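A.B. asks: Structure file protein_19.txt, compact mmCIF, C-alpha atoms and all ligand atoms, is pasted below:
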# COMPACT_ATOMS: atom_id res chain seq x y z
CA MET A 57 96.21 85.38 134.06
CA GLU A 58 93.54 84.08 136.49
CA THR A 59 90.51 86.29 135.94
CA GLY A 60 87.57 83.94 136.46
CA LYS A 61 87.04 84.76 140.14
CA MET A 62 87.03 88.57 139.87
CA GLY A 63 83.80 90.58 140.03
CA ILE A 64 82.77 93.62 138.00
CA ASN A 65 82.23 96.80 140.01
CA ILE A 66 80.93 98.87 137.10
CA LYS A 67 77.29 99.81 136.81
CA GLU A 68 76.01 98.87 133.37
CA ILE A 69 73.71 101.34 131.59
CA LYS A 70 71.20 99.18 129.75
CA THR A 71 70.53 100.30 126.19
CA GLN A 72 66.83 100.89 126.91
CA ASP A 73 67.74 103.19 129.84
CA LEU A 74 70.28 105.21 127.86
CA ASN A 75 69.57 108.80 126.89
CA PRO A 76 72.36 109.43 124.35
CA GLN A 77 72.25 113.25 124.55
CA ASP A 78 72.41 113.25 128.37
CA PHE A 79 75.18 110.64 128.26
CA ILE A 80 77.20 112.80 125.84
CA LYS A 81 76.84 115.92 128.04
CA GLN A 82 77.78 113.99 131.15
CA GLN A 83 80.85 112.38 129.60
CA ILE A 84 82.08 115.68 128.17
CA ARG A 85 81.79 117.23 131.65
CA GLU A 86 83.56 114.25 133.20
CA ILE A 87 86.47 114.25 130.72
CA SER A 88 86.92 118.04 131.11
CA SER A 89 86.95 117.83 134.88
CA VAL A 90 89.42 114.91 135.04
CA VAL A 91 91.89 116.28 132.48
CA GLY A 92 91.56 119.88 133.75
CA ASP A 93 93.83 122.10 131.69
CA GLY A 94 96.22 119.23 130.90
CA LEU A 95 96.68 117.19 127.74
CA ALA A 96 95.34 113.79 126.72
CA ILE A 97 95.96 111.39 123.86
CA ASN A 98 93.85 108.70 122.28
CA ALA A 99 94.19 106.06 119.61
CA LEU A 100 91.57 105.89 116.90
CA SER A 101 91.16 102.62 115.01
CA GLY A 102 88.06 103.68 113.06
CA GLY A 103 85.77 101.27 114.90
CA VAL A 104 82.63 102.62 116.55
CA ASP A 105 84.05 102.58 120.12
CA SER A 106 87.23 104.53 119.44
CA SER A 107 85.36 106.86 117.05
CA VAL A 108 82.87 107.79 119.78
CA VAL A 109 85.66 108.35 122.31
CA THR A 110 87.51 110.54 119.80
CA MET A 111 84.43 112.74 119.30
CA LEU A 112 83.65 112.97 123.04
CA GLY A 113 87.30 113.79 123.77
CA HIS A 114 87.46 116.49 121.11
CA LYS A 115 84.23 118.07 122.29
CA ALA A 116 85.60 118.12 125.85
CA LEU A 117 89.21 119.08 125.21
CA ASN A 118 89.41 120.45 121.68
CA ASN A 119 93.07 120.60 120.62
CA ARG A 120 94.24 119.47 124.06
CA LEU A 121 93.42 115.96 122.83
CA LYS A 122 95.88 114.51 120.35
CA THR A 123 94.47 111.64 118.28
CA TYR A 124 96.70 108.98 116.73
CA PHE A 125 96.08 106.08 114.40
CA ILE A 126 98.54 103.36 115.38
CA GLU A 127 99.60 101.60 112.18
CA ASN A 128 100.55 98.27 113.73
CA GLY A 129 100.72 96.39 110.43
CA LEU A 130 97.67 94.35 111.49
CA MET A 131 94.89 96.62 110.21
CA ARG A 132 92.61 96.11 107.25
CA GLN A 133 93.41 97.16 103.67
CA GLY A 134 93.77 100.95 103.26
CA GLU A 135 92.48 101.53 106.82
CA PRO A 136 94.96 104.13 108.19
CA GLN A 137 94.41 106.57 105.32
CA ARG A 138 90.65 105.91 105.15
CA VAL A 139 90.15 106.60 108.86
CA ALA A 140 92.37 109.72 108.88
CA ALA A 141 90.50 111.09 105.83
CA SER A 142 87.04 110.47 107.26
CA PHE A 143 87.89 112.19 110.57
CA LYS A 144 89.46 115.11 108.74
CA LYS A 145 85.98 115.69 107.29
CA LEU A 146 84.65 115.79 110.88
CA GLY A 147 87.25 118.40 111.81
CA VAL A 148 89.54 116.04 113.75
CA SER A 149 93.14 115.73 112.68
CA VAL A 150 94.63 112.27 113.10
CA GLU A 151 98.33 111.52 113.07
CA ILE A 152 99.34 108.10 111.71
CA VAL A 153 102.11 106.49 113.79
CA ASP A 154 104.11 103.79 112.02
CA ALA A 155 104.66 101.07 114.66
CA ARG A 156 104.71 98.04 112.34
CA GLN A 157 108.22 97.00 113.24
CA GLN A 158 107.51 97.11 116.99
CA PHE A 159 104.40 94.94 116.74
CA PHE A 160 105.87 92.32 114.42
CA SER A 161 108.98 91.93 116.57
CA ALA A 162 106.81 91.57 119.70
CA LEU A 163 104.70 88.88 117.98
CA LYS A 164 107.63 86.93 116.57
CA GLY A 165 107.62 83.27 117.52
CA ILE A 166 104.38 83.49 119.59
CA THR A 167 101.60 80.99 118.88
CA ASP A 168 99.55 80.95 122.10
CA PRO A 169 96.43 83.21 121.81
CA GLU A 170 96.72 84.82 125.25
CA GLU A 171 100.47 85.38 124.80
CA LYS A 172 99.68 87.17 121.54
CA ARG A 173 97.21 89.42 123.36
CA GLU A 174 99.79 90.11 126.06
CA ALA A 175 102.44 91.01 123.43
CA ILE A 176 99.99 93.41 121.77
CA THR A 177 98.96 94.94 125.11
CA GLN A 178 102.57 95.58 126.12
CA THR A 179 103.50 97.01 122.72
CA PHE A 180 100.48 99.35 122.66
CA TYR A 181 100.53 100.56 126.24
CA LYS A 182 104.20 100.45 127.17
CA ASP A 183 106.14 101.03 123.97
CA VAL A 184 103.83 103.04 121.71
CA PHE A 185 101.61 105.04 124.12
CA GLY A 186 104.40 105.28 126.71
CA LYS A 187 106.52 107.08 124.12
CA LEU A 188 103.62 109.21 122.82
CA VAL A 189 102.71 110.52 126.29
CA LYS A 190 106.36 111.37 126.92
CA THR A 191 106.78 113.28 123.65
CA SER A 192 103.39 115.02 123.85
CA GLY A 193 103.44 115.80 127.59
CA ALA A 194 99.99 114.17 128.03
CA LYS A 195 99.02 112.59 131.33
CA TYR A 196 95.89 110.79 130.19
CA LEU A 197 94.95 108.16 127.63
CA LEU A 198 91.30 108.08 126.55
CA GLN A 199 90.09 104.72 125.33
CA GLY A 200 86.89 103.01 124.22
CA THR A 201 86.67 99.99 126.52
CA ILE A 202 83.05 98.81 126.75
CA TYR A 203 81.19 96.76 129.33
CA THR A 204 81.31 93.53 127.29
CA ASP A 205 85.15 93.73 127.08
CA VAL A 206 85.34 93.79 130.88
CA GLU A 207 82.75 91.06 131.21
CA GLU A 208 84.57 88.61 128.88
CA THR A 209 87.91 89.30 130.52
CA VAL A 210 86.60 88.99 134.07
CA ALA A 211 84.72 85.79 133.16
CA GLY A 212 88.07 84.43 131.95
CA VAL A 213 86.81 83.87 128.37
CA LYS A 214 89.40 86.07 126.68
CA ARG A 215 91.57 88.77 128.05
CA GLN A 216 90.59 91.70 125.83
CA HIS A 217 93.71 93.68 125.06
CA ASN A 218 92.33 96.95 126.45
CA ILE A 219 91.48 95.73 129.97
CA LEU A 220 93.94 97.14 132.47
CA THR A 221 92.55 98.84 135.57
CA GLN A 222 89.85 96.18 136.01
CA LEU A 223 92.65 93.62 136.29
CA GLY A 224 94.32 95.68 138.98
CA ILE A 225 96.95 97.10 136.61
CA ASP A 226 98.23 100.52 137.73
CA THR A 227 98.82 102.27 134.41
CA GLN A 228 100.29 105.35 136.07
CA GLU A 229 102.99 103.31 137.73
CA LEU A 230 103.63 100.92 134.82
CA TYR A 231 103.27 103.17 131.80
CA GLY A 232 103.32 106.73 133.12
CA TYR A 233 99.71 107.83 132.39
CA LYS A 234 96.13 107.41 133.61
CA VAL A 235 93.40 105.81 131.51
CA ILE A 236 89.93 107.35 131.04
CA GLU A 237 87.17 105.04 129.76
CA PRO A 238 83.98 106.99 128.98
CA LEU A 239 82.13 103.99 127.44
CA ILE A 240 82.79 101.45 130.17
CA GLN A 241 79.09 101.29 131.21
CA LEU A 242 77.77 100.61 127.70
CA ARG A 243 77.38 97.63 125.41
CA LYS A 244 77.74 97.85 121.63
CA PRO A 245 74.12 98.82 120.79
CA GLY A 246 74.35 101.69 123.31
CA VAL A 247 77.64 102.87 121.79
CA ARG A 248 76.00 102.88 118.35
CA ASP A 249 73.15 105.05 119.69
CA VAL A 250 75.68 107.53 121.14
CA ALA A 251 77.61 107.53 117.83
CA LYS A 252 74.42 108.42 115.97
CA ALA A 253 73.58 111.17 118.48
CA LEU A 254 77.09 112.59 118.03
CA GLY A 255 76.40 112.95 114.31
CA LEU A 256 78.94 110.36 113.21
CA PRO A 257 78.25 108.96 109.72
CA ALA A 258 76.36 105.67 109.28
CA ASP A 259 79.44 103.89 107.89
CA ILE A 260 80.98 104.40 111.34
CA TYR A 261 78.05 103.68 113.67
CA GLU A 262 76.86 100.70 111.63
CA ARG A 263 80.31 99.20 111.19
CA PRO A 264 80.69 95.60 112.40
CA PRO A 265 82.99 95.23 115.43
CA PHE A 266 86.68 94.65 114.80
CA PRO A 267 88.96 93.35 117.56
CA GLY A 268 91.67 95.47 119.18
CA PRO A 269 94.41 92.93 118.31
CA ALA A 270 93.15 93.41 114.72
CA LEU A 271 94.08 90.76 112.14
CA SER A 272 96.35 89.01 114.64
CA ALA A 273 93.12 87.70 116.24
CA ARG A 274 92.47 86.00 112.91
CA VAL A 275 95.78 84.23 112.39
CA ILE A 276 96.07 80.88 114.13
CA GLY A 277 99.72 80.29 114.98
CA GLU A 278 102.55 82.77 114.46
CA VAL A 279 101.68 86.26 113.21
CA THR A 280 104.20 87.34 110.58
CA PRO A 281 103.96 90.07 107.91
CA GLU A 282 103.70 87.30 105.27
CA ARG A 283 100.80 85.56 107.03
CA ILE A 284 99.00 88.90 107.55
CA GLU A 285 99.30 89.42 103.78
CA ILE A 286 97.14 86.29 103.34
CA VAL A 287 94.44 87.09 105.88
CA ARG A 288 94.22 90.78 104.90
CA PRO A 289 92.98 90.27 101.30
CA ALA A 290 90.77 87.38 102.49
CA THR A 291 89.18 89.81 104.98
CA ALA A 292 88.64 92.36 102.22
CA ILE A 293 86.89 89.75 100.03
CA VAL A 294 84.68 88.53 102.90
CA GLU A 295 83.74 92.11 103.80
CA GLU A 296 82.94 92.98 100.16
CA GLU A 297 80.79 89.90 99.65
CA LEU A 298 78.96 89.91 103.01
CA CYS A 299 78.50 93.62 103.75
CA ASN A 300 74.85 93.54 102.68
CA THR A 301 73.85 90.52 104.78
CA GLY A 302 73.02 92.62 107.85
CA ALA A 303 75.07 90.14 109.91
CA PHE A 304 76.64 91.24 113.23
CA GLN A 305 80.19 90.37 112.18
CA TYR A 306 81.95 88.50 109.34
CA LEU A 307 85.56 87.55 109.06
CA ALA A 308 88.29 85.41 107.55
CA ILE A 309 90.73 83.32 109.56
CA LEU A 310 94.05 81.86 108.44
CA HIS A 311 94.66 78.36 109.80
CA GLU A 312 98.02 77.15 111.02
CA ASP A 313 97.94 73.80 109.21
CA LYS A 314 98.50 73.54 105.51
CA VAL A 315 96.54 71.05 103.40
CA THR A 316 97.02 69.32 100.09
CA GLY A 317 95.36 70.89 97.09
CA VAL A 318 95.72 70.62 93.34
CA ARG A 319 96.33 73.46 90.93
CA GLU A 320 96.89 73.19 87.18
CA GLY A 321 97.16 69.40 87.50
CA ARG A 322 99.90 69.55 90.14
CA ARG A 323 99.94 69.00 93.88
CA ASP A 324 99.81 72.30 95.76
CA TYR A 325 100.37 72.15 99.51
CA GLY A 326 98.63 75.33 100.59
CA PHE A 327 96.81 77.51 103.12
CA GLN A 328 93.32 77.12 104.59
CA ILE A 329 91.00 80.06 105.12
CA GLU A 330 87.98 79.73 107.39
CA ILE A 331 85.04 82.12 107.00
CA ARG A 332 82.78 83.06 109.89
CA CYS A 333 79.61 85.13 109.69
CA TRP A 334 77.62 85.78 112.87
CA GLU A 335 74.13 86.72 113.98
CA SER A 336 74.37 88.31 117.40
CA LYS A 337 73.18 91.25 119.51
CA ASP A 338 76.23 92.01 121.60
CA ALA A 339 78.72 89.19 120.87
CA THR A 340 78.08 87.29 124.09
CA VAL A 341 76.20 84.55 122.23
CA ALA A 342 76.11 84.15 118.46
CA SER A 343 74.89 81.84 115.68
CA PRO A 344 76.31 81.39 112.20
CA THR A 345 74.30 83.18 109.50
CA ARG A 346 72.52 80.76 107.13
CA LEU A 347 74.28 82.13 104.06
CA PRO A 348 72.98 81.02 100.65
CA TYR A 349 75.19 78.36 99.08
CA GLU A 350 75.86 80.57 96.03
CA VAL A 351 77.37 83.21 98.33
CA LEU A 352 79.65 80.63 99.94
CA GLU A 353 80.68 79.34 96.51
CA LYS A 354 81.54 82.82 95.31
CA LEU A 355 83.64 83.42 98.44
CA ALA A 356 85.56 80.18 97.89
CA GLU A 357 86.11 80.97 94.25
CA ARG A 358 87.37 84.49 94.83
CA ILE A 359 89.60 83.60 97.79
CA THR A 360 91.31 80.66 96.03
CA LYS A 361 91.72 82.63 92.80
CA GLU A 362 92.81 85.99 94.20
CA ILE A 363 95.07 84.93 97.09
CA PRO A 364 98.17 82.99 96.09
CA GLY A 365 98.66 79.73 97.96
CA VAL A 366 95.13 79.30 99.38
CA VAL A 367 93.70 75.88 98.45
CA SER A 368 90.92 75.40 101.01
CA VAL A 369 88.01 77.55 102.22
CA THR A 370 85.63 76.43 104.98
CA TYR A 371 82.58 77.97 106.71
CA ASN A 372 82.17 77.70 110.49
CA ILE A 373 78.76 76.30 111.44
CA ALA A 374 79.23 76.06 115.22
CA LYS A 375 77.48 78.50 117.55
CA LYS A 376 79.07 80.63 120.29
CA PRO A 377 79.32 79.01 122.80
CA PRO A 378 81.27 76.78 122.47
CA SER A 379 82.86 78.56 119.49
CA THR A 380 83.91 82.23 119.88
CA ILE A 381 83.57 85.00 117.32
CA GLU A 382 87.29 85.38 116.64
CA ALA A 383 89.62 82.43 116.26
CA ILE A 384 92.13 83.20 118.99
P1 LIG B 401 84.97 86.58 120.99
O1 LIG B 401 86.00 86.11 120.00
O2 LIG B 401 85.48 86.56 122.39
O3 LIG B 401 84.67 88.07 120.62
O4 LIG B 401 83.67 85.83 120.84
C1 LIG B 401 83.65 88.87 121.18
C2 LIG B 401 83.72 90.24 120.54
O5 LIG B 401 84.91 90.92 120.96
C3 LIG B 401 85.80 91.13 119.85
N1 LIG B 401 87.12 90.73 120.35
C4 LIG B 401 88.02 91.56 120.81
N2 LIG B 401 87.99 92.90 120.88
N3 LIG B 401 90.13 92.85 121.90
C5 LIG B 401 89.07 93.54 121.43
O6 LIG B 401 89.08 94.78 121.47
C6 LIG B 401 90.24 91.50 121.85
O7 LIG B 401 91.22 90.93 122.29
C7 LIG B 401 89.11 90.83 121.28
N4 LIG B 401 88.84 89.53 121.08
C8 LIG B 401 87.61 89.49 120.52
C9 LIG B 401 85.30 90.28 118.73
O8 LIG B 401 85.63 90.81 117.46
C10 LIG B 401 83.82 90.21 119.00
O9 LIG B 401 83.13 91.32 118.49
Rewrite the structure of this file - the entire thing - as structure tokens.

C.D. replies:
Amino acid sequence: METGKMGINIKEIKTQDLNPQDFIKQQIREISSVVGDGLAINALSGGVDSSVVTMLGHKALNNRLKTYFIENGLMRQGEPQRVAASFKKLGVSVEIVDARQQFFSALKGITDPEEKREAITQTFYKDVFGKLVKTSGAKYLLQGTIYTDVEETVAGVKRQHNILTQLGIDTQELYGYKVIEPLIQLRKPGVRDVAKALGLPADIYERPPFPGPALSARVIGEVTPERIEIVRPATAIVEEELCNTGAFQYLAILHEDKVTGVREGRRDYGFQIEIRCWESKDATVASPTRLPYEVLEKLAERITKEIPGVVSVTYNIAKKPPSTIEAI
């Protein structure tokens, strides 16, 4: 999709100009007035953006907002249950929707990054949400698109999966519902300030970003359940080992090519995992964290020992640009 020539007609609220309490009041008013006495749905992934939208939506609509966790088979270890349990504590009930089959069949055979994003977009918005709005009777979908998502898509860097109206897509006509985006004027640091002001716990507002296409953004080449089962435990190890670095984001990527390794004295043609760990403010530019060598060694040791078939572990040392944070 040609996006490079489009402009952005959204007014950014700079973090230093943001008054979180006023913003919360204004968004609650706005959501209430748009939805009226109707129903809305939203998908919660557990990231800071969708968590903030969930809280704003519930404050505005109470039980006229139905919140779902879409289990697309691409999420991190234990995530659906963890997210549902932590929102239960906040008084929000979350229904887990098993859509694994739909996502893996949509991704079958696709290797091109933008085609993967398109497959995910269609499965989310058309198949999964399309069905949920029909069964629930909702007319609105609330989602946590932020300013940077629009900016990257419009600049033609990557089409973020959640960008629709800004690309001229009429969701009402295509999918049967309207989209409400309360966070569209904010960047990540602003969203974190709103999360804090909403009383969300630190493990939510301090959580590193995680992409909408989830682990499929970290598999180079075809995304299959088997390949996700390699990148998922690698992600868990990287998150365990790097969570105290204070870095902006850290991740594991599964490469498409296999390489020769040796295990127990025999040739082992196996998988390559690449680790990335970033210093950044809002993901537009980023530099690799200067991790101590012992930390890198421990990562390599754990990943090759704990994940069957992995024989190579590398660390990305290129900055963004020209690299990007995710691999696809
Ligand atoms: P990149 O890889 O473009 O990532 O440097 C910038 C930030 O955006 C996240 N990201 C995505 N988030 N849908 C999303 O919701 C996407 O398709 C997507 N691609 C990247 C990424 O994790 C980073 O924080």

A.B. asks: Could you state the separation of atom CA of Gln178 of chain A and atom CA of Phe266 of chain A in Å, given to one decimal place?

C.D. replies: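 Separation between atom CA of Gln178 of chain A and atom CA of Phe266 of chain A: 19.5 Å.
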
A.B. asks: Residues at most 12 Å from Gln137 of chain A, counting only C-alpha atoms, excluding those fewer than 3 positions away in the same chain, as a ChimeraX atom specification?

C.D. replies: /A:100-102,124-127,131-134,140-144,149-153

A.B. asks: Find the residues near ligand LIG 401 (chain B). Use a cut-off of 7 Å, count only C-alpha atoms and all ligand atoms, and write them as a list in words.

C.D. replies: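 Using only C-alpha atoms and all ligand atoms, everything at most 7 Å from ligand LIG 401 (chain B) comes to Arg173, Asp205, Glu208, Val213, Lys214, Arg215, Gln216, His217, Asn218, Pro265, Phe266, Pro267, Gly268, Pro269, Ala273, Ala339, Thr340, Lys376, Thr380, Ile381, Glu382, Ala383 and Ile384 of chain A.
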
A.B. asks: Near Ile64 of chain A, counting only C-alpha atoms, which residues have an atom at most 9 Å away, once you skip same-chain residues fewer than 3 positions from it, shown as a list in words?

C.D. replies: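 That gives Lys67, Val206, Glu207, Val210 and Gln222 of chain A.
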
A.B. asks: Counting only C-alpha atoms, what is within 10 Å of Arg346 of chain A, bar same-chain residues fewer than 2 positions away, as a PyMOL selection string?

C.D. replies: chain A and resi 333-335+343-344+348-349+373

A.B. asks: Because the input lacks atoms here, generate N, CA and C atoms for segment 219-246 of chain A and report them as a PDB file, keeping the file's coordinate frame.

C.D. replies:
ATOM      1  N   ILE A 219      91.869  95.781 128.558  1.00  0.00           N
ATOM      2  CA  ILE A 219      91.480  95.730 129.970  1.00  0.00           C
ATOM      3  C   ILE A 219      92.725  95.841 130.841  1.00  0.00           C
ATOM      4  N   LEU A 220      92.757  96.897 131.645  1.00  0.00           N
ATOM      5  CA  LEU A 220      93.940  97.140 132.470  1.00  0.00           C
ATOM      6  C   LEU A 220      93.541  97.352 133.925  1.00  0.00           C
ATOM      7  N   THR A 221      92.881  98.510 134.180  1.00  0.00           N
ATOM      8  CA  THR A 221      92.550  98.840 135.570  1.00  0.00           C
ATOM      9  C   THR A 221      91.663  97.776 136.218  1.00  0.00           C
ATOM     10  N   GLN A 222      90.751  97.190 135.430  1.00  0.00           N
ATOM     11  CA  GLN A 222      89.850  96.180 136.010  1.00  0.00           C
ATOM     12  C   GLN A 222      90.595  94.906 136.387  1.00  0.00           C
ATOM     13  N   LEU A 223      91.826  94.767 135.898  1.00  0.00           N
ATOM     14  CA  LEU A 223      92.650  93.620 136.290  1.00  0.00           C
ATOM     15  C   LEU A 223      93.648  94.022 137.363  1.00  0.00           C
ATOM     16  N   GLY A 224      93.442  95.219 137.911  1.00  0.00           N
ATOM     17  CA  GLY A 224      94.320  95.680 138.980  1.00  0.00           C
ATOM     18  C   GLY A 224      95.647  96.253 138.474  1.00  0.00           C
ATOM     19  N   ILE A 225      95.702  96.567 137.159  1.00  0.00           N
ATOM     20  CA  ILE A 225      96.950  97.100 136.610  1.00  0.00           C
ATOM     21  C   ILE A 225      96.998  98.614 136.837  1.00  0.00           C
ATOM     22  N   ASP A 226      98.067  99.091 137.464  1.00  0.00           N
ATOM     23  CA  ASP A 226      98.230 100.520 137.730  1.00  0.00           C
ATOM     24  C   ASP A 226      98.968 101.138 136.547  1.00  0.00           C
ATOM     25  N   THR A 227      98.197 101.763 135.648  1.00  0.00           N
ATOM     26  CA  THR A 227      98.820 102.270 134.410  1.00  0.00           C
ATOM     27  C   THR A 227      99.761 103.437 134.691  1.00  0.00           C
ATOM     28  N   GLN A 228      99.424 104.213 135.728  1.00  0.00           N
ATOM     29  CA  GLN A 228     100.290 105.350 136.070  1.00  0.00           C
ATOM     30  C   GLN A 228     101.684 104.839 136.439  1.00  0.00           C
ATOM     31  N   GLU A 229     101.707 103.811 137.264  1.00  0.00           N
ATOM     32  CA  GLU A 229     102.990 103.310 137.730  1.00  0.00           C
ATOM     33  C   GLU A 229     103.740 102.565 136.607  1.00  0.00           C
ATOM     34  N   LEU A 230     102.990 101.744 135.843  1.00  0.00           N
ATOM     35  CA  LEU A 230     103.630 100.920 134.820  1.00  0.00           C
ATOM     36  C   LEU A 230     103.996 101.679 133.552  1.00  0.00           C
ATOM     37  N   TYR A 231     103.064 102.548 133.117  1.00  0.00           N
ATOM     38  CA  TYR A 231     103.270 103.170 131.800  1.00  0.00           C
ATOM     39  C   TYR A 231     103.420 104.687 131.854  1.00  0.00           C
ATOM     40  N   GLY A 232     103.112 105.287 132.991  1.00  0.00           N
ATOM     41  CA  GLY A 232     103.320 106.730 133.120  1.00  0.00           C
ATOM     42  C   GLY A 232     102.121 107.601 132.732  1.00  0.00           C
ATOM     43  N   TYR A 233     100.900 107.026 132.676  1.00  0.00           N
ATOM     44  CA  TYR A 233      99.710 107.830 132.390  1.00  0.00           C
ATOM     45  C   TYR A 233      98.475 107.152 132.975  1.00  0.00           C
ATOM     46  N   LYS A 234      97.405 107.957 133.114  1.00  0.00           N
ATOM     47  CA  LYS A 234      96.130 107.410 133.610  1.00  0.00           C
ATOM     48  C   LYS A 234      95.213 107.130 132.427  1.00  0.00           C
ATOM     49  N   VAL A 235      94.309 106.169 132.598  1.00  0.00           N
ATOM     50  CA  VAL A 235      93.400 105.810 131.510  1.00  0.00           C
ATOM     51  C   VAL A 235      91.983 106.291 131.844  1.00  0.00           C
ATOM     52  N   ILE A 236      91.320 106.918 130.875  1.00  0.00           N
ATOM     53  CA  ILE A 236      89.930 107.350 131.040  1.00  0.00           C
ATOM     54  C   ILE A 236      89.073 106.532 130.075  1.00  0.00           C
ATOM     55  N   GLU A 237      87.982 105.940 130.587  1.00  0.00           N
ATOM     56  CA  GLU A 237      87.170 105.040 129.760  1.00  0.00           C
ATOM     57  C   GLU A 237      85.696 105.469 129.771  1.00  0.00           C
ATOM     58  N   PRO A 238      85.339 106.431 128.926  1.00  0.00           N
ATOM     59  CA  PRO A 238      83.980 106.990 128.980  1.00  0.00           C
ATOM     60  C   PRO A 238      82.866 105.998 128.624  1.00  0.00           C
ATOM     61  N   LEU A 239      83.197 104.896 127.929  1.00  0.00           N
ATOM     62  CA  LEU A 239      82.130 103.990 127.440  1.00  0.00           C
ATOM     63  C   LEU A 239      82.000 102.715 128.264  1.00  0.00           C
ATOM     64  N   ILE A 240      82.677 102.694 129.403  1.00  0.00           N
ATOM     65  CA  ILE A 240      82.790 101.450 130.170  1.00  0.00           C
ATOM     66  C   ILE A 240      81.439 100.899 130.651  1.00  0.00           C
ATOM     67  N   GLN A 241      80.396 101.767 130.720  1.00  0.00           N
ATOM     68  CA  GLN A 241      79.090 101.290 131.210  1.00  0.00           C
ATOM     69  C   GLN A 241      78.169 100.812 130.075  1.00  0.00           C
ATOM     70  N   LEU A 242      78.646 100.916 128.834  1.00  0.00           N
ATOM     71  CA  LEU A 242      77.770 100.610 127.700  1.00  0.00           C
ATOM     72  C   LEU A 242      78.142  99.313 126.986  1.00  0.00           C
ATOM     73  N   ARG A 243      77.133  98.723 126.350  1.00  0.00           N
ATOM     74  CA  ARG A 243      77.380  97.630 125.410  1.00  0.00           C
ATOM     75  C   ARG A 243      77.292  98.204 123.998  1.00  0.00           C
ATOM     76  N   LYS A 244      77.641  97.361 123.013  1.00  0.00           N
ATOM     77  CA  LYS A 244      77.740  97.850 121.630  1.00  0.00           C
ATOM     78  C   LYS A 244      76.496  98.592 121.120  1.00  0.00           C
ATOM     79  N   PRO A 245      75.269  98.083 121.326  1.00  0.00           N
ATOM     80  CA  PRO A 245      74.120  98.820 120.790  1.00  0.00           C
ATOM     81  C   PRO A 245      74.009 100.224 121.384  1.00  0.00           C
ATOM     82  N   GLY A 246      74.371 100.375 122.664  1.00  0.00           N
ATOM     83  CA  GLY A 246      74.350 101.690 123.310  1.00  0.00           C
ATOM     84  C   GLY A 246      75.388 102.609 122.688  1.00  0.00           C
TER      85      GLY A 246
END
